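Raw structure_11.pdb, PDB, C-alpha atoms (C1' of nucleotides):
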ATOM      1  CA  MET K 186       3.267  21.191 -25.322
ATOM      2  CA  ASN K 187       4.462  17.685 -24.651
ATOM      3  CA  ILE K 188       4.175  16.059 -21.281
ATOM      4  CA  GLY K 189       7.795  16.853 -20.445
ATOM      5  CA  ALA K 190       7.231  20.576 -20.784
ATOM      6  CA  VAL K 191       4.074  20.336 -18.689
ATOM      7  CA  SER K 192       5.957  18.420 -16.059
ATOM      8  CA  GLU K 193       8.496  21.215 -16.035
ATOM      9  CA  ALA K 194       5.814  23.878 -15.829
ATOM     10  CA  THR K 195       3.841  22.287 -13.035
ATOM     11  CA  GLY K 196       6.491  20.519 -11.023
ATOM     12  CA  LEU K 197       4.591  17.261 -11.374
ATOM     13  CA  PRO K 198       6.445  14.223 -12.753
ATOM     14  CA  ALA K 199       5.239  13.166 -16.189
ATOM     15  CA  LYS K 200       4.400   9.835 -14.671
ATOM     16  CA  THR K 201       2.093  11.492 -12.195
ATOM     17  CA  ILE K 202       0.323  13.451 -14.898
ATOM     18  CA  ARG K 203      -0.359  10.253 -16.811
ATOM     19  CA  TYR K 204      -1.509   8.685 -13.580
ATOM     20  CA  TYR K 205      -3.973  11.507 -12.995
ATOM     21  CA  GLU K 206      -5.328  10.930 -16.467
ATOM     22  CA  SER K 207      -5.571   7.182 -15.878
ATOM     23  CA  ILE K 208      -7.702   7.620 -12.766
ATOM     24  CA  GLY K 209      -9.916  10.189 -14.454
ATOM     25  CA  LEU K 210      -8.773  13.142 -12.364
ATOM     26  CA  VAL K 211      -7.989  15.065 -15.530
ATOM     27  CA  GLU K 212      -9.444  14.719 -19.006
ATOM     28  CA  PRO K 213      -7.485  12.596 -21.477
ATOM     29  CA  ALA K 214      -5.077  14.876 -23.322
ATOM     30  CA  GLU K 215      -5.200  15.483 -27.049
ATOM     31  CA  ARG K 216      -2.773  13.426 -29.053
ATOM     32  CA  SER K 217      -0.223  14.273 -31.718
ATOM     33  CA  THR K 218       0.120  12.202 -34.906
ATOM     34  CA  GLY K 219       2.810  10.225 -33.107
ATOM     35  CA  ASN K 220       0.395   9.579 -30.230
ATOM     36  CA  TYR K 221       2.147  11.956 -27.855
ATOM     37  CA  ARG K 222      -0.026  13.781 -25.337
ATOM     38  CA  LEU K 223      -0.535  17.445 -26.185
ATOM     39  CA  TYR K 224      -1.300  20.120 -23.609
ATOM     40  CA  GLY K 225      -2.305  23.755 -23.565
ATOM     41  CA  GLU K 226      -2.347  26.574 -21.037
ATOM     42  CA  ARG K 227      -5.602  25.432 -19.494
ATOM     43  CA  ASP K 228      -4.158  22.043 -18.729
ATOM     44  CA  ILE K 229      -1.301  23.718 -16.911
ATOM     45  CA  LEU K 230      -3.772  25.705 -14.828
ATOM     46  CA  THR K 231      -5.690  22.576 -13.981
ATOM     47  CA  LEU K 232      -2.603  20.663 -12.966
ATOM     48  CA  ARG K 233      -1.378  23.557 -10.864
ATOM     49  CA  PHE K 234      -4.756  23.660  -9.158
ATOM     50  CA  ILE K 235      -4.342  19.995  -8.322
ATOM     51  CA  GLU K 236      -0.791  20.435  -7.129
ATOM     52  CA  ARG K 237      -1.764  23.248  -4.761
ATOM     53  CA  ALA K 238      -4.733  21.400  -3.368
ATOM     54  CA  ARG K 239      -2.510  18.390  -2.758
ATOM     55  CA  ARG K 240      -0.023  20.584  -0.918
ATOM     56  CA  LEU K 241      -2.836  21.651   1.364
ATOM     57  CA  GLY K 242      -3.399  18.004   2.162
ATOM     58  CA  PHE K 243      -6.568  17.360   0.195
ATOM     59  CA  SER K 244      -6.851  13.766  -0.967
ATOM     60  CA  LEU K 245      -7.227  13.058  -4.668
ATOM     61  CA  LYS K 246     -10.862  12.305  -4.013
ATOM     62  CA  GLU K 247     -11.344  15.744  -2.517
ATOM     63  CA  VAL K 248      -9.307  17.382  -5.212
ATOM     64  CA  LYS K 249     -11.780  15.894  -7.637
ATOM     65  CA  GLU K 250     -14.653  17.424  -5.698
ATOM     66  CA  LEU K 251     -12.893  20.774  -5.534
ATOM     67  CA  MET K 252     -12.372  20.688  -9.282
ATOM     68  CA  ALA K 253     -16.021  19.894  -9.861
ATOM     69  CA  LEU K 254     -16.943  22.920  -7.780
ATOM     70  CA  TRP K 255     -14.339  24.986  -9.562
ATOM     71  CA  HIS K 256     -15.959  24.190 -12.888
ATOM     72  CA  ASP K 257     -19.475  24.654 -11.592
ATOM     73  CA  ARG K 258     -20.557  28.233 -12.053
ATOM     74  CA  GLN K 259     -23.646  27.544  -9.950
ATOM     75  CA  ARG K 260     -21.653  26.361  -6.974
ATOM     76  CA  ALA K 261     -22.271  27.701  -3.502
ATOM     77  CA  SER K 262     -19.115  28.911  -1.813
ATOM     78  CA  ALA K 263     -20.432  27.151   1.280
ATOM     79  CA  ASP K 264     -19.729  23.814  -0.402
ATOM     80  CA  VAL K 265     -16.121  24.707  -0.993
ATOM     81  CA  ARG K 266     -15.789  25.999   2.510
ATOM     82  CA  ARG K 267     -17.260  22.810   3.883
ATOM     83  CA  LEU K 268     -14.573  20.780   2.131
ATOM     84  CA  ALA K 269     -11.871  23.069   3.431
ATOM     85  CA  GLU K 270     -13.244  22.885   6.940
ATOM     86  CA  SER K 271     -13.400  19.143   6.828
ATOM     87  CA  GLN K 272      -9.787  19.029   5.718
ATOM     88  CA  MET K 273      -8.944  21.422   8.520
ATOM     89  CA  ARG K 274     -10.569  19.144  11.067
ATOM     90  CA  ARG K 275      -8.520  16.234   9.844
ATOM     91  CA  ILE K 276      -5.393  18.312  10.160
ATOM     92  CA  ASP K 277      -6.393  19.302  13.672
ATOM     93  CA  GLU K 278      -6.951  15.701  14.644
ATOM     94  CA  ARG K 279      -3.522  14.774  13.415
ATOM     95  CA  LEU K 280      -2.013  17.759  15.167
ATOM     96  CA  THR K 281      -3.631  16.760  18.424
ATOM     97  CA  LYS K 282      -2.382  13.235  18.167
ATOM     98  CA  LEU K 283       1.114  14.247  17.168
ATOM     99  CA  THR K 284       1.306  16.839  19.901
ATOM    100  CA  GLU K 285       0.337  14.285  22.477
ATOM    101  CA  MET K 286       2.905  11.843  21.145
ATOM    102  CA  ARG K 287       5.497  14.558  21.210
ATOM    103  CA  ARG K 288       4.696  15.484  24.777
ATOM    104  CA  THR K 289       5.085  11.925  26.020
ATOM    105  CA  LEU K 290       8.249  11.395  24.030
ATOM    106  CA  GLN K 291       9.732  14.649  25.268
ATOM    107  CA  HIS K 292       8.964  13.660  28.805
ATOM    108  CA  LEU K 293      10.645  10.281  28.368
ATOM    109  CA  ILE K 294      13.693  11.743  26.686
ATOM    110  CA  GLU K 295      14.181  14.214  29.497
ATOM    111  CA  GLN K 296      14.233  11.386  32.027
ATOM    112  CA  CYS K 297      16.883   9.439  30.171
ATOM    113  CA  HIS K 298      20.431  10.457  30.943
ATOM    114  CA  GLY K 299      21.558   9.122  27.590
ATOM    115  CA  ASP K 300      25.039   7.913  28.385
ATOM    116  CA  ARG K 301      26.798   4.562  28.532
ATOM    117  CA  ARG K 302      24.842   3.310  31.479
ATOM    118  CA  PRO K 303      22.163   0.767  30.561
ATOM    119  CA  ASP K 304      19.352   1.953  32.791
ATOM    120  CA  CYS K 305      16.850   3.876  30.756
ATOM    121  CA  PRO K 306      13.465   5.254  31.773
ATOM    122  CA  ILE K 307      12.306   5.128  28.185
ATOM    123  CA  LEU K 308      12.536   1.351  28.090
ATOM    124  CA  ASP K 309      11.218   1.104  31.632
ATOM    125  CA  GLU K 310       8.130   3.016  30.758
ATOM    126  CA  LEU K 311       7.539   1.092  27.556
ATOM    127  CA  ALA K 312       7.907  -2.102  29.540
ATOM    128  CA  HIS K 313       5.809  -1.287  32.578
ATOM    129  CA  GLU K 314       3.080   1.077  31.535
ATOM    130  CA  ARG K 315       3.719   4.051  33.644
ATOM    131  CA  ILE K 316       3.664   6.357  30.709
ATOM    132  CA  GLU K 317       2.632   9.497  32.413
TER
ATOM    133  CA  MET H  88      -3.233 -18.685  27.254
ATOM    134  CA  ASN H  89      -4.610 -18.869  23.765
ATOM    135  CA  ILE H  90      -4.246 -16.062  21.299
ATOM    136  CA  GLY H  91      -7.762 -14.804  22.009
ATOM    137  CA  ALA H  92      -6.969 -14.220  25.673
ATOM    138  CA  VAL H  93      -3.734 -12.477  24.736
ATOM    139  CA  SER H  94      -5.579 -10.301  22.300
ATOM    140  CA  GLU H  95      -7.932  -9.382  25.124
ATOM    141  CA  ALA H  96      -5.063  -8.683  27.496
ATOM    142  CA  THR H  97      -3.057  -6.532  25.116
ATOM    143  CA  GLY H  98      -5.703  -4.872  23.010
ATOM    144  CA  LEU H  99      -4.051  -6.191  19.866
ATOM    145  CA  PRO H 100      -6.166  -8.167  17.382
ATOM    146  CA  ALA H 101      -5.228 -11.848  17.215
ATOM    147  CA  LYS H 102      -4.530 -11.328  13.556
ATOM    148  CA  THR H 103      -1.983  -8.671  14.373
ATOM    149  CA  ILE H 104      -0.228 -10.880  16.904
ATOM    150  CA  ARG H 105       0.116 -13.598  14.292
ATOM    151  CA  TYR H 106       1.354 -10.983  11.880
ATOM    152  CA  TYR H 107       4.022  -9.860  14.340
ATOM    153  CA  GLU H 108       5.140 -13.439  14.622
ATOM    154  CA  SER H 109       5.169 -13.860  10.855
ATOM    155  CA  ILE H 110       7.512 -10.917  10.358
ATOM    156  CA  GLY H 111       9.777 -12.030  13.180
ATOM    157  CA  LEU H 112       8.954  -9.164  15.514
ATOM    158  CA  VAL H 113       8.115 -11.659  18.243
ATOM    159  CA  GLU H 114       9.360 -15.181  18.757
ATOM    160  CA  PRO H 115       7.138 -17.975  17.455
ATOM    161  CA  ALA H 116       4.763 -18.966  20.237
ATOM    162  CA  GLU H 117       4.725 -22.413  21.807
ATOM    163  CA  ARG H 118       2.056 -24.716  20.449
ATOM    164  CA  SER H 119      -0.567 -26.893  22.081
ATOM    165  CA  THR H 120      -1.208 -30.456  20.948
ATOM    166  CA  GLY H 121      -3.905 -29.088  18.689
ATOM    167  CA  ASN H 122      -1.383 -26.616  17.200
ATOM    168  CA  TYR H 123      -2.859 -23.589  18.972
ATOM    169  CA  ARG H 124      -0.437 -20.852  19.954
ATOM    170  CA  LEU H 125       0.270 -20.765  23.687
ATOM    171  CA  TYR H 126       1.339 -17.643  25.545
ATOM    172  CA  GLY H 127       2.584 -16.739  28.997
ATOM    173  CA  GLU H 128       2.959 -13.575  31.042
ATOM    174  CA  ARG H 129       6.222 -12.607  29.397
ATOM    175  CA  ASP H 130       4.604 -12.646  25.982
ATOM    176  CA  ILE H 131       1.977 -10.278  27.253
ATOM    177  CA  LEU H 132       4.660  -7.903  28.492
ATOM    178  CA  THR H 133       6.417  -8.040  25.158
ATOM    179  CA  LEU H 134       3.277  -7.349  23.210
ATOM    180  CA  ARG H 135       2.366  -4.488  25.502
ATOM    181  CA  PHE H 136       5.817  -3.052  24.975
ATOM    182  CA  ILE H 137       5.209  -3.180  21.245
ATOM    183  CA  GLU H 138       1.786  -1.669  21.527
ATOM    184  CA  ARG H 139       3.050   1.280  23.568
ATOM    185  CA  ALA H 140       5.969   1.933  21.281
ATOM    186  CA  ARG H 141       3.599   1.897  18.321
ATOM    187  CA  ARG H 142       1.360   4.399  20.082
ATOM    188  CA  LEU H 143       4.360   6.688  20.377
ATOM    189  CA  GLY H 144       4.714   6.480  16.626
ATOM    190  CA  PHE H 145       7.716   4.186  16.370
ATOM    191  CA  SER H 146       7.717   2.114  13.203
ATOM    192  CA  LEU H 147       7.843  -1.658  13.486
ATOM    193  CA  LYS H 148      11.458  -1.476  12.402
ATOM    194  CA  GLU H 149      12.240   0.829  15.289
ATOM    195  CA  VAL H 150      10.161  -1.197  17.684
ATOM    196  CA  LYS H 151      12.393  -4.091  16.764
ATOM    197  CA  GLU H 152      15.460  -2.015  17.587
ATOM    198  CA  LEU H 153      13.937  -0.883  20.855
ATOM    199  CA  MET H 154      13.211  -4.469  21.778
ATOM    200  CA  ALA H 155      16.762  -5.484  20.980
ATOM    201  CA  LEU H 156      17.993  -2.744  23.315
ATOM    202  CA  TRP H 157      15.430  -3.752  25.888
ATOM    203  CA  HIS H 158      16.804  -7.263  25.914
ATOM    204  CA  ASP H 159      20.413  -6.150  25.848
ATOM    205  CA  ARG H 160      21.708  -5.758  29.380
ATOM    206  CA  GLN H 161      24.853  -4.135  27.999
ATOM    207  CA  ARG H 162      22.963  -1.419  26.180
ATOM    208  CA  ALA H 163      23.841   2.230  26.531
ATOM    209  CA  SER H 164      20.875   4.389  27.408
ATOM    210  CA  ALA H 165      22.242   6.818  24.821
ATOM    211  CA  ASP H 166      21.222   4.389  22.088
ATOM    212  CA  VAL H 167      17.664   4.291  23.298
ATOM    213  CA  ARG H 168      17.610   8.024  23.636
ATOM    214  CA  ARG H 169      18.925   8.429  20.121
ATOM    215  CA  LEU H 170      16.032   6.388  18.755
ATOM    216  CA  ALA H 171      13.563   8.429  20.760
ATOM    217  CA  GLU H 172      15.100  11.672  19.571
ATOM    218  CA  SER H 173      15.010  10.594  15.991
ATOM    219  CA  GLN H 174      11.344   9.740  16.350
ATOM    220  CA  MET H 175      10.803  13.111  17.975
ATOM    221  CA  ARG H 176      12.419  14.871  15.030
ATOM    222  CA  ARG H 177      10.114  13.080  12.637
ATOM    223  CA  ILE H 178       7.161  14.131  14.715
ATOM    224  CA  ASP H 179       8.399  17.705  14.698
ATOM    225  CA  GLU H 180       8.762  17.690  10.938
ATOM    226  CA  ARG H 181       5.226  16.497  10.544
ATOM    227  CA  LEU H 182       4.005  19.044  13.048
ATOM    228  CA  THR H 183       5.730  21.834  11.152
ATOM    229  CA  LYS H 184       4.222  20.761   7.870
ATOM    230  CA  LEU H 185       0.755  20.295   9.306
ATOM    231  CA  THR H 186       0.879  23.618  11.105
ATOM    232  CA  GLU H 187       1.794  25.382   7.895
ATOM    233  CA  MET H 188      -1.004  23.637   6.036
ATOM    234  CA  ARG H 189      -3.389  24.565   8.776
ATOM    235  CA  ARG H 190      -2.356  28.197   8.696
ATOM    236  CA  THR H 191      -2.919  28.505   4.958
ATOM    237  CA  LEU H 192      -6.212  26.664   5.119
ATOM    238  CA  GLN H 193      -7.402  28.771   8.022
ATOM    239  CA  HIS H 194      -6.533  31.891   6.104
ATOM    240  CA  LEU H 195      -8.453  30.700   3.063
ATOM    241  CA  ILE H 196     -11.475  29.657   5.059
ATOM    242  CA  GLU H 197     -11.654  33.033   6.737
ATOM    243  CA  GLN H 198     -11.775  34.753   3.359
ATOM    244  CA  CYS H 199     -14.647  32.628   2.113
ATOM    245  CA  HIS H 200     -18.081  33.861   3.077
ATOM    246  CA  GLY H 201     -19.457  30.354   2.721
ATOM    247  CA  ASP H 202     -22.967  31.036   1.545
ATOM    248  CA  ARG H 203     -24.949  30.415  -1.626
ATOM    249  CA  ARG H 204     -22.928  32.817  -3.723
ATOM    250  CA  PRO H 205     -20.496  31.112  -6.077
ATOM    251  CA  ASP H 206     -17.499  33.373  -5.658
ATOM    252  CA  CYS H 207     -14.966  31.760  -3.409
ATOM    253  CA  PRO H 208     -11.459  32.865  -2.525
ATOM    254  CA  ILE H 209     -10.477  29.297  -1.763
ATOM    255  CA  LEU H 210     -10.971  28.245  -5.362
ATOM    256  CA  ASP H 211      -9.495  31.505  -6.598
ATOM    257  CA  GLU H 212      -6.327  30.947  -4.708
ATOM    258  CA  LEU H 213      -6.039  27.332  -5.743
ATOM    259  CA  ALA H 214      -6.532  28.440  -9.315
ATOM    260  CA  HIS H 215      -4.225  31.444  -9.415
ATOM    261  CA  GLU H 216      -1.406  30.822  -6.988
ATOM    262  CA  ARG H 217      -1.692  33.661  -4.637
ATOM    263  CA  ILE H 218      -1.612  31.400  -1.652
ATOM    264  CA  GLU H 219      -0.145  33.683   0.878
TER
ATOM    265  C1'  DG Z 193     -21.978 -36.062  20.359
ATOM    266  C1'  DC Z 194     -22.478 -31.877  18.769
ATOM    267  C1'  DA Z 195     -23.109 -26.739  18.370
ATOM    268  C1'  DG Z 196     -20.542 -22.852  18.610
ATOM    269  C1'  DA Z 197     -16.558 -20.544  19.649
ATOM    270  C1'  DC Z 198     -11.903 -20.494  18.694
ATOM    271  C1'  DC Z 199      -8.021 -21.643  16.212
ATOM    272  C1'  DT Z 200      -5.040 -22.915  11.895
ATOM    273  C1'  DG Z 201      -2.514 -21.541   7.386
ATOM    274  C1'  DC Z 202      -2.485 -19.071   3.298
ATOM    275  C1'  DC Z 203      -3.275 -15.886  -0.118
ATOM    276  C1'  DA Z 204      -5.080 -11.752  -1.392
ATOM    277  C1'  DG Z 205      -6.805  -7.254  -0.472
ATOM    278  C1'  DT Z 206      -6.883  -2.498   1.884
ATOM    279  C1'  DA Z 207      -5.501   2.373   1.933
ATOM    280  C1'  DT Z 208      -3.052   6.192  -0.661
ATOM    281  C1'  DA Z 209      -0.557   7.958  -4.213
ATOM    282  C1'  DC Z 210       2.369   7.155  -6.827
ATOM    283  C1'  DT Z 211       7.080   4.993  -8.916
ATOM    284  C1'  DG Z 212       9.928   1.579 -11.442
ATOM    285  C1'  DT Z 213      10.908  -1.021 -15.330
ATOM    286  C1'  DA Z 214      10.788  -3.118 -19.714
ATOM    287  C1'  DA Z 215      10.198  -3.019 -24.527
ATOM    288  C1'  DG Z 216       9.480  -0.324 -28.038
ATOM    289  C1'  DG Z 217       7.847   3.866 -31.096
ATOM    290  C1'  DT Z 218       8.676   9.204 -32.273
ATOM    291  C1'  DT Z 219      11.027  13.599 -32.722
ATOM    292  C1'  DT Z 220      14.744  16.657 -32.931
ATOM    293  C1'  DG Z 221      19.095  18.358 -34.132
ATOM    294  C1'  DC Z 222      23.318  18.008 -36.523
TER
ATOM    295  C1'  DG V 246      20.703   9.029 -41.442
ATOM    296  C1'  DC V 247      21.362   8.420 -36.951
ATOM    297  C1'  DA V 248      21.985   9.134 -31.984
ATOM    298  C1'  DA V 249      19.894  11.140 -28.122
ATOM    299  C1'  DA V 250      16.068  12.700 -25.993
ATOM    300  C1'  DC V 251      11.459  12.048 -25.425
ATOM    301  C1'  DC V 252       7.405   9.615 -25.631
ATOM    302  C1'  DT V 253       4.173   5.281 -25.488
ATOM    303  C1'  DT V 254       1.688   1.194 -22.918
ATOM    304  C1'  DA V 255       1.311  -2.173 -19.461
ATOM    305  C1'  DC V 256       2.365  -4.433 -15.505
ATOM    306  C1'  DA V 257       4.392  -4.752 -11.272
ATOM    307  C1'  DG V 258       6.361  -2.831  -7.215
ATOM    308  C1'  DT V 259       6.855   0.638  -3.221
ATOM    309  C1'  DA V 260       5.798   2.047   1.491
ATOM    310  C1'  DT V 261       3.474   0.726   5.992
ATOM    311  C1'  DA V 262       0.932  -2.074   8.809
ATOM    312  C1'  DC V 263      -2.168  -4.603   8.887
ATOM    313  C1'  DT V 264      -7.090  -6.873   7.525
ATOM    314  C1'  DG V 265     -10.331 -10.025   5.120
ATOM    315  C1'  DG V 266     -11.822 -14.284   3.670
ATOM    316  C1'  DC V 267     -11.728 -19.097   3.025
ATOM    317  C1'  DA V 268     -11.593 -23.922   4.038
ATOM    318  C1'  DG V 269     -10.959 -26.593   7.473
ATOM    319  C1'  DG V 270      -9.182 -28.461  12.199
ATOM    320  C1'  DT V 271      -9.803 -28.101  17.622
ATOM    321  C1'  DC V 272     -11.714 -27.257  22.045
ATOM    322  C1'  DT V 273     -15.402 -26.453  25.483
ATOM    323  C1'  DG V 274     -19.656 -27.052  27.708
ATOM    324  C1'  DC V 275     -23.961 -29.226  28.124
TER
END
Entire entry expressed as structure tokens:
Amino acid sequence: MNIGAVSEATGLPAKTIRYYESIGLVEPAERSTGNYRLYGERDILTLRFIERARRLGFSLKEVKELMALWHDRQRASADVRRLAESQMRRIDERLTKLTEMRRTLQHLIEQCHGDRRPDCPILDELAHERIE
Amino acid sequence: MNIGAVSEATGLPAKTIRYYESIGLVEPAERSTGNYRLYGERDILTLRFIERARRLGFSLKEVKELMALWHDRQRASADVRRLAESQMRRIDERLTKLTEMRRTLQHLIEQCHGDRRPDCPILDELAHERIE
DNA sequence: GCAGACCTGCCAGTATACTGTAAGGTTTGC
DNA sequence: GCAAACCTTACAGTATACTGGCAGGTCTGC
């Protein structure tokens, strides 16, 4: 399989696949006589693994760790769980922050009549620090 | 006031204040004979405005728009509200995505016993696409 | 008059994960 | 045999918002 077919199969742009190789996230692919990268089923599985982990918000660094654990038959599931929990905490932190931002914004928007008149509590609050 | 005092008063690093000036977000400050930037009360208010808008997640580009509206006595509050609502939508999108990620992760973590045994549903799911 | 804090400009680097582009070689199908 | 599609490397650029570091000038207090 050429990189185009793999791109198709995994949903990852060819460029991204090469990038993953360049940073050592995946092993360098075999090459054809014309120097094209050649892939097999296992490579597809690996790239799909990466794609799914990325969708769950793991950084490339963590994806690398997850892959190491994946390939380590001696791994403790606790190690994997630890990574997942750490990712979960980061998500929770972001959720907390976003929720708080949303709450304040919602509050401000409700106060603003939003018509042609110039007076606007949103600007007032930004200007005078009375944000709730 | 020198930039250090302003930094103190606003909570923004001096470097950041200079940066804001360099990108035209704030007017160039007056200068002392020794070429130091000089600030007054109004500058503090402006920088605080920026800092609060940033805390609400507005991009610098939007902060610039908000400031233009702030200074425009002819503004319609609807314009301000529109900016706030657009920011709110972005926050909601991120919240939706994060919540979904969290749900999947939570589900995976619950399945994983997290001990010394190597078998781990988290890796299994990443490897075989059965993510819920 | 001098140490130490504070300031200056400027360029480059940080973080993260790609993405674009140019110039050129390879393969495939008709 | 030739065009179109596909592939190659390498370098630079994108996005966002700063942050670091350097060499050197300025201000303050004793």
Check: which chain Z residues lie within 9 Å of chain H using only C-alpha atoms (C1' of nucleotides), as JSON, numbers by chain: {"Z": [198, 199, 200]}
Test item: the PyMOL selection byres ((chain V) within 9 of (chain H)) resolved as a VMD selection string: chain V and resid 261 to 264 270 to 272
Written file, previous selection with C-alpha atoms (C1' of nucleotides), as an mmCIF file, in the frame of the given file:
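Wrote it out as out15.cif, contents follow:
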data_model
loop_
_atom_site.group_PDB
_atom_site.id
_atom_site.type_symbol
_atom_site.label_atom_id
_atom_site.label_comp_id
_atom_site.auth_asym_id
_atom_site.auth_seq_id
_atom_site.Cartn_x
_atom_site.Cartn_y
_atom_site.Cartn_z
ATOM 1 C "C1'" DT V 261 3.474 0.726 5.992
ATOM 2 C "C1'" DA V 262 0.932 -2.074 8.809
ATOM 3 C "C1'" DC V 263 -2.168 -4.603 8.887
ATOM 4 C "C1'" DT V 264 -7.090 -6.873 7.525
ATOM 5 C "C1'" DG V 270 -9.182 -28.461 12.199
ATOM 6 C "C1'" DT V 271 -9.803 -28.101 17.622
ATOM 7 C "C1'" DC V 272 -11.714 -27.257 22.045
#
Residues of chain H near chain K: apply a cut-off of 8 Å, count only C-alpha atoms, and supply the list as an MDAnalysis selection string. chainID H and resid 132:133 135:137 139:140 142:144 153 157 160:169 171:172 175 178:179 182 185:186 188:189 191:193 196 199:207 209:210 213:216
Just to be explicit: take each residue in the selection above, keep C-alpha atoms, and write the result as an mmCIF file, keeping the file's coordinate frame.
data_model
loop_
_atom_site.group_PDB
_atom_site.id
_atom_site.type_symbol
_atom_site.label_atom_id
_atom_site.label_comp_id
_atom_site.auth_asym_id
_atom_site.auth_seq_id
_atom_site.Cartn_x
_atom_site.Cartn_y
_atom_site.Cartn_z
ATOM 1 C CA LEU H 132 4.660 -7.903 28.492
ATOM 2 C CA THR H 133 6.417 -8.040 25.158
ATOM 3 C CA ARG H 135 2.366 -4.488 25.502
ATOM 4 C CA PHE H 136 5.817 -3.052 24.975
ATOM 5 C CA ILE H 137 5.209 -3.180 21.245
ATOM 6 C CA ARG H 139 3.050 1.280 23.568
ATOM 7 C CA ALA H 140 5.969 1.933 21.281
ATOM 8 C CA ARG H 142 1.360 4.399 20.082
ATOM 9 C CA LEU H 143 4.360 6.688 20.377
ATOM 10 C CA GLY H 144 4.714 6.480 16.626
ATOM 11 C CA LEU H 153 13.937 -0.883 20.855
ATOM 12 C CA TRP H 157 15.430 -3.752 25.888
ATOM 13 C CA ARG H 160 21.708 -5.758 29.380
ATOM 14 C CA GLN H 161 24.853 -4.135 27.999
ATOM 15 C CA ARG H 162 22.963 -1.419 26.180
ATOM 16 C CA ALA H 163 23.841 2.230 26.531
ATOM 17 C CA SER H 164 20.875 4.389 27.408
ATOM 18 C CA ALA H 165 22.242 6.818 24.821
ATOM 19 C CA ASP H 166 21.222 4.389 22.088
ATOM 20 C CA VAL H 167 17.664 4.291 23.298
ATOM 21 C CA ARG H 168 17.610 8.024 23.636
ATOM 22 C CA ARG H 169 18.925 8.429 20.121
ATOM 23 C CA ALA H 171 13.563 8.429 20.760
ATOM 24 C CA GLU H 172 15.100 11.672 19.571
ATOM 25 C CA MET H 175 10.803 13.111 17.975
ATOM 26 C CA ILE H 178 7.161 14.131 14.715
ATOM 27 C CA ASP H 179 8.399 17.705 14.698
ATOM 28 C CA LEU H 182 4.005 19.044 13.048
ATOM 29 C CA LEU H 185 0.755 20.295 9.306
ATOM 30 C CA THR H 186 0.879 23.618 11.105
ATOM 31 C CA MET H 188 -1.004 23.637 6.036
ATOM 32 C CA ARG H 189 -3.389 24.565 8.776
ATOM 33 C CA THR H 191 -2.919 28.505 4.958
ATOM 34 C CA LEU H 192 -6.212 26.664 5.119
ATOM 35 C CA GLN H 193 -7.402 28.771 8.022
ATOM 36 C CA ILE H 196 -11.475 29.657 5.059
ATOM 37 C CA CYS H 199 -14.647 32.628 2.113
ATOM 38 C CA HIS H 200 -18.081 33.861 3.077
ATOM 39 C CA GLY H 201 -19.457 30.354 2.721
ATOM 40 C CA ASP H 202 -22.967 31.036 1.545
ATOM 41 C CA ARG H 203 -24.949 30.415 -1.626
ATOM 42 C CA ARG H 204 -22.928 32.817 -3.723
ATOM 43 C CA PRO H 205 -20.496 31.112 -6.077
ATOM 44 C CA ASP H 206 -17.499 33.373 -5.658
ATOM 45 C CA CYS H 207 -14.966 31.760 -3.409
ATOM 46 C CA ILE H 209 -10.477 29.297 -1.763
ATOM 47 C CA LEU H 210 -10.971 28.245 -5.362
ATOM 48 C CA LEU H 213 -6.039 27.332 -5.743
ATOM 49 C CA ALA H 214 -6.532 28.440 -9.315
ATOM 50 C CA HIS H 215 -4.225 31.444 -9.415
ATOM 51 C CA GLU H 216 -1.406 30.822 -6.988
#
Work out how far apart atom C1' of Z:DG221 and atom CA of K:Glu215 are and give it in Å to one decimal.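 Taking atom C1' of Z:DG221 as the start and atom CA of K:Glu215 as the end point, the length is 25.5 Å.
With atom CA of K:Arg239 on one side and atom C1' of Z:DA209 on the other, the separation reads 10.7 Å.
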Atom CA of H:Glu108 and atom CA of H:Ala92, how far apart in Å? 16.4 Å
